[in-house]
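Presented below is the structure to which this report refers.
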Amino acid sequence: SAAMSTPAEEAPPSAPVGGATPSPQSPAAAGAAISPRREMLDIEANVTLQVPKVRHALKALHDLTARVGGVVTEERVDTASQYGAAQLTVRVPSGATQGVFEQLEQLGHVLDQNVTARDIGKEYFDANLRLSSLEVTMHRYEDVLTHATKVEEILRIEQELGRLRGEIEQVKGNLRWLSDRA
């Protein structure tokens, strides 16, 4: 038998860890009815499998990842050890989480499974508010610039606009990263 470690990064946008959904009476369900904000989870799972043949398990894991629309982002195969070992990092879409875990159990014996989740919804919401505020401020500066007459004033406003554009791009990049994780 060989050991295979498969960390999987996964982030379902609406399902809590373990695939459970909030009951209509639960506080989470009540909050969802009041606010349209969806739960945004960044989930990472590390699974260690013991498999009969590492090469066959690698192919099966690649096939499984492709079938659910995921991607293998990292792969290390150790063929020098007595039994062979491999470590993969796999990213899969949120809806495929439960099916992937079930398929992993069919590939071999699960020796260890560790799942962690982090709600990034507030961080995403705050970044959107910051982006809106920065864009409003930038538009105000652009309006002021159209009325500026002194060279010093124009240069100061253009410098501030450059700073704001940089901050806006940074916030947009953070939003893209958060969206990708969720």
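Quick note on naming: the chains in the structure tokens go A, B, ... in the order shown, residues restart at 1 in each chain, and ligands are numbered from 1 in order of appearance.
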Could you produce a table of the residues of region 141-175 of chain A lying within 8 Å of region 115-131 of chain A, with the nearest pair of atoms per residue and their separation in Å rounded to one decimal, using only C-alpha atoms, ordered by chain and increasing residue number, as a tab-separated table?
residue	atom	partner	partner_atom	distance
A:Ile168	CA	A:Leu131	CA	6.1
A:Val171	CA	A:Leu131	CA	6.3
A:Lys172	CA	A:Leu131	CA	7.3
A:Asn174	CA	A:Ala127	CA	7.7
A:Leu175	CA	A:Tyr124	CA	6.4
Those of region 12-172 of chain A in DSSP strand (DSSP E or B), formatted as a ChimeraX atom specification: /A:41-51,71-78,85-92,109-119
Might you pull out every residue within 7 Å of region 137-145 of chain A, with only C-alpha atoms counted and same-chain residues fewer than 3 positions away left off, and present them as a list of chain:residue names?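 That gives A:Ser133, A:Leu134, A:Ala148, A:Ile154, A:Ile157, A:Leu161, A:Leu164.
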Correct to one decimal, the distance CA of Val47 (chain A)-CA of Asn114 (chain A) is 6.5 Å
Once DSSP has gone over the backbone, tell me which residues of region 75-116 of chain A are in helix (DSSP H, G or I), as a PyMOL selection string. chain A and resi 94-107
Name all residues at most 10 Å from Asp112 (chain A) (count only C-alpha atoms; drop same-chain ones fewer than 3 positions away) and give them as a list in words.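 Close residues of Asp112 (chain A): Ser5, Asn46, Val47, Thr48, Leu49, Gln50 and His109 of chain A.
Across the model, the gap from CA of Gln113 (chain A) to CA of Arg176 (chain A) is 28.8 Å.
With distances restricted to only C-alpha atoms, A:Val90 is the closest residue to Ala45 (chain A) from A:Val90, A:Ala57, A:Val110, A:Val151.
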When you look at region 68-76 of chain A with a cut-off of 6 Å (counting only C-alpha atoms), what residues show up, excluding the ones that are within fewer than 2 positions of it in the same chain? I need them as number ranges by chain. A: 65-66, 86-92
